[in-house]
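Q: Here it is, the structure in full.
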Amino acid sequence: MAQEIWWTAPAEAPDGEVVMVTGRDNIDKFRDSGKYNDRIEVTWPYEGGGMPDEEVASLMEQADDALRAELKKEKAVILTGIYTGAGQRNWVFYVKNPRIFQSLLNRAWAELPLLPVSISAERDPEWQEYAEMRENTYIAPGDDD
C-alpha cells in the first residue's frame, strides 16, 4: 500500500483568523476513479476561536487517530483535508457511499465520549472543494524549507 503524503499550510478564514490546513496529496487515483462522488464534512466547533485549548486538542487528536485507524480498513472513504482554527476543526472526506461513512465514524468513535460535531454531506463529483483547497494551500514535498 502506498504511503500517505500530506502537506500543512496556514490559510486565512473569512474573519482573518489563521486556519491550519492539512491536505492529502497523491490521491489522483481516487479522484479520477469517478467512484467518490459525495463529500462529507465533519465539523467540531470549540470555544475561543484561534486554536483549540490543550484539553480539546488532546480529544481531537484521539478522534483523529481513531478515524485514521478505521480508514486504513475501509477503502470506500478517503480523508482529503483537515482544517483547524478560527474556532473549529473540519475533516473533509470523499466517499463512495454515505452509509458506509456513517458506519465507519460510529466504529471509530465508539470508545470516545459524545463529541460536539455536526455532519454535512453534498454531491461533489468534480472534487471542487479539494481542488480549491489544493490550489490555495499546496506545498510540494521539499518546498517547506
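Chain labels run A, B, ... following the order of the C-alpha cells; each chain numbers its residues from 1, and ligands are numbered from 1 in the order shown.
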Report the closest atom pair, with its distance in Å rounded to one decimal, for each residue of stretch 69-115 of chain A that has an atom no farther than 12 Å from stretch 48-60 of chain A; count only C-alpha atoms, sort by chain and then rising residue number, and write it as a Markdown table.
A:
| residue | atom | partner | partner_atom | distance |
| --- | --- | --- | --- | --- |
| A:Ile82 | CA | A:Met60 | CA | 11.3 |
| A:Tyr83 | CA | A:Met51 | CA | 10.6 |
| A:Thr84 | CA | A:Met51 | CA | 6.9 |
| A:Gly85 | CA | A:Met51 | CA | 4.9 |
| A:Ala86 | CA | A:Gly49 | CA | 4.6 |
| A:Gly87 | CA | A:Gly49 | CA | 3.7 |
| A:Gln88 | CA | A:Gly49 | CA | 7.4 |
| A:Arg89 | CA | A:Met60 | CA | 8.3 |
| A:Asn90 | CA | A:Met60 | CA | 10.6 |
| A:Trp91 | CA | A:Met60 | CA | 10.8 |
| A:Trp109 | CA | A:Met60 | CA | 11.0 |
| A:Glu111 | CA | A:Leu59 | CA | 11.8 |
| A:Leu112 | CA | A:Leu59 | CA | 8.5 |
| A:Pro113 | CA | A:Leu59 | CA | 9.2 |
| A:Leu114 | CA | A:Leu59 | CA | 10.9 |
| A:Leu115 | CA | A:Leu59 | CA | 9.0 |
Q: Can you pull out every residue within 9 Å of A:Glu4, counting only C-alpha atoms, but drop anything in the same chain fewer than 3 positions away, and send it as a list in words?
A: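 Near neighbours after the sequence-gap exclusion: Arg24, Asp25, Asn26 and Ile27 of chain A.
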Q: DSSP on the backbone: what in chain A comes out helix (DSSP H, G or I), as a VMD selection string?
A: chain A and resid 28 to 33 54 to 71 98 to 108 128 to 137
Q: Could you go through stretch 30-80 of chain A and tell me which residues DSSP, when run on the backbone, assigns to strand (DSSP E or B), listing them as a PyMOL selection string?
A: chain A and resi 38-45+77-80
Q: With only C-alpha atoms as the counted atoms, please give the residues lying no more than 7 Å from A:Asn37, apart from itself and same-chain residues fewer than 6 positions off, as number ranges by chain.
A: A: 94-96, 123-125
Q: Quote the spacing between atom CA of A:Arg39 and atom CA of A:Glu122 in Å to one decimal place.
A: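 Atom-to-atom, atom CA of A:Arg39 to atom CA of A:Glu122, that is 5.5 Å.
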Q: Could you pull the residues within 12 Å of A:Asp38, counting only C-alpha atoms, minus those fewer than 4 positions along the same chain, as a JSON list (two decimals) with N, CA and C atoms, in the first residue's frame?
A:
[["chain", "number", "residue", "atom", "x", "y", "z"],
["A", 31, "ARG", "N", -9.59, 10.29, -7.01],
["A", 31, "ARG", "CA", -10.28, 11.42, -7.62],
["A", 31, "ARG", "C", -10.72, 11.09, -9.05],
["A", 34, "GLY", "N", -13.97, 8.27, -10.40],
["A", 34, "GLY", "CA", -15.38, 8.55, -10.59],
["A", 34, "GLY", "C", -16.27, 7.85, -9.58],
["A", 76, "ALA", "N", -13.57, 2.75, 0.97],
["A", 76, "ALA", "CA", -14.69, 3.48, 0.37],
["A", 76, "ALA", "C", -14.77, 4.92, 0.88],
["A", 77, "VAL", "N", -13.84, 5.29, 1.77],
["A", 77, "VAL", "CA", -13.83, 6.62, 2.37],
["A", 77, "VAL", "C", -12.40, 7.16, 2.31],
["A", 78, "ILE", "N", -12.24, 8.38, 1.76],
["A", 78, "ILE", "CA", -10.92, 8.99, 1.64],
["A", 78, "ILE", "C", -10.92, 10.32, 2.38],
["A", 92, "VAL", "N", -12.59, 16.68, 6.05],
["A", 92, "VAL", "CA", -13.26, 16.57, 4.76],
["A", 92, "VAL", "C", -12.96, 15.19, 4.17],
["A", 93, "PHE", "N", -14.03, 14.49, 3.80],
["A", 93, "PHE", "CA", -13.92, 13.14, 3.25],
["A", 93, "PHE", "C", -14.64, 13.09, 1.91],
["A", 94, "TYR", "N", -14.13, 12.27, 1.00],
["A", 94, "TYR", "CA", -14.86, 11.89, -0.21],
["A", 94, "TYR", "C", -15.18, 10.42, -0.06],
["A", 95, "VAL", "N", -16.44, 10.07, -0.37],
["A", 95, "VAL", "CA", -16.91, 8.72, -0.09],
["A", 95, "VAL", "C", -17.63, 8.11, -1.28],
["A", 96, "LYS", "N", -17.61, 6.79, -1.33],
["A", 96, "LYS", "CA", -18.39, 6.06, -2.33],
["A", 96, "LYS", "C", -19.86, 6.00, -1.90],
["A", 97, "ASN", "N", -20.09, 5.89, -0.58],
["A", 97, "ASN", "CA", -21.44, 5.72, -0.07],
["A", 97, "ASN", "C", -21.52, 6.35, 1.32],
["A", 98, "PRO", "N", -22.40, 7.33, 1.52],
["A", 98, "PRO", "CA", -22.51, 7.98, 2.83],
["A", 98, "PRO", "C", -22.84, 7.02, 3.97],
["A", 99, "ARG", "N", -23.58, 5.95, 3.70],
["A", 99, "ARG", "CA", -23.92, 5.00, 4.77],
["A", 99, "ARG", "C", -22.68, 4.27, 5.27],
["A", 100, "ILE", "N", -21.76, 3.97, 4.36],
["A", 100, "ILE", "CA", -20.50, 3.34, 4.77],
["A", 100, "ILE", "C", -19.73, 4.30, 5.67],
["A", 101, "PHE", "N", -19.72, 5.57, 5.31],
["A", 101, "PHE", "CA", -19.05, 6.56, 6.15],
["A", 101, "PHE", "C", -19.67, 6.62, 7.53],
["A", 120, "SER", "N", -22.20, 17.26, 7.54],
["A", 120, "SER", "CA", -22.92, 17.68, 6.35],
["A", 120, "SER", "C", -22.41, 16.87, 5.16],
["A", 121, "ALA", "N", -23.26, 16.70, 4.19],
["A", 121, "ALA", "CA", -22.89, 15.93, 3.00],
["A", 121, "ALA", "C", -23.47, 16.61, 1.77],
["A", 122, "GLU", "N", -22.72, 16.52, 0.69],
["A", 122, "GLU", "CA", -23.23, 17.01, -0.59],
["A", 122, "GLU", "C", -22.51, 16.32, -1.73],
["A", 123, "ARG", "N", -23.14, 16.34, -2.87],
["A", 123, "ARG", "CA", -22.53, 15.76, -4.07],
["A", 123, "ARG", "C", -21.40, 16.69, -4.51],
["A", 124, "ASP", "N", -20.27, 16.11, -4.85],
["A", 124, "ASP", "CA", -19.13, 16.87, -5.34],
["A", 124, "ASP", "C", -18.30, 15.96, -6.25],
["A", 125, "PRO", "N", -18.90, 15.48, -7.35],
["A", 125, "PRO", "CA", -18.19, 14.53, -8.22],
["A", 125, "PRO", "C", -16.96, 15.12, -8.89],
["A", 126, "GLU", "N", -16.87, 16.44, -8.98],
["A", 126, "GLU", "CA", -15.71, 17.10, -9.58],
["A", 126, "GLU", "C", -14.62, 17.42, -8.55],
["A", 127, "TRP", "N", -14.89, 17.10, -7.28],
["A", 127, "TRP", "CA", -13.94, 17.35, -6.19],
["A", 127, "TRP", "C", -13.57, 18.84, -6.13],
["A", 128, "GLN", "N", -14.56, 19.71, -6.23],
["A", 128, "GLN", "CA", -14.31, 21.15, -6.25],
["A", 128, "GLN", "C", -13.68, 21.64, -4.95],
["A", 129, "GLU", "N", -14.17, 21.14, -3.82],
["A", 129, "GLU", "CA", -13.61, 21.58, -2.53],
["A", 129, "GLU", "C", -12.14, 21.20, -2.45],
["A", 130, "TYR", "N", -11.82, 19.98, -2.83],
["A", 130, "TYR", "CA", -10.42, 19.53, -2.79],
["A", 130, "TYR", "C", -9.55, 20.37, -3.72]]
Q: Could you please determine the separation between atom CA of A:Ile5 and atom CA of A:Ile139 in Å, to one decimal place?
A: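 It comes out at 11.1 Å.
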Q: Between A:Thr43, A:Ser103, A:Asn136, A:Gln62, which is the closest to A:Glu74 once you count only C-alpha atoms?
A: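 Ranking A:Thr43, A:Ser103, A:Asn136, A:Gln62 by distance to A:Glu74, first place goes to A:Ser103.
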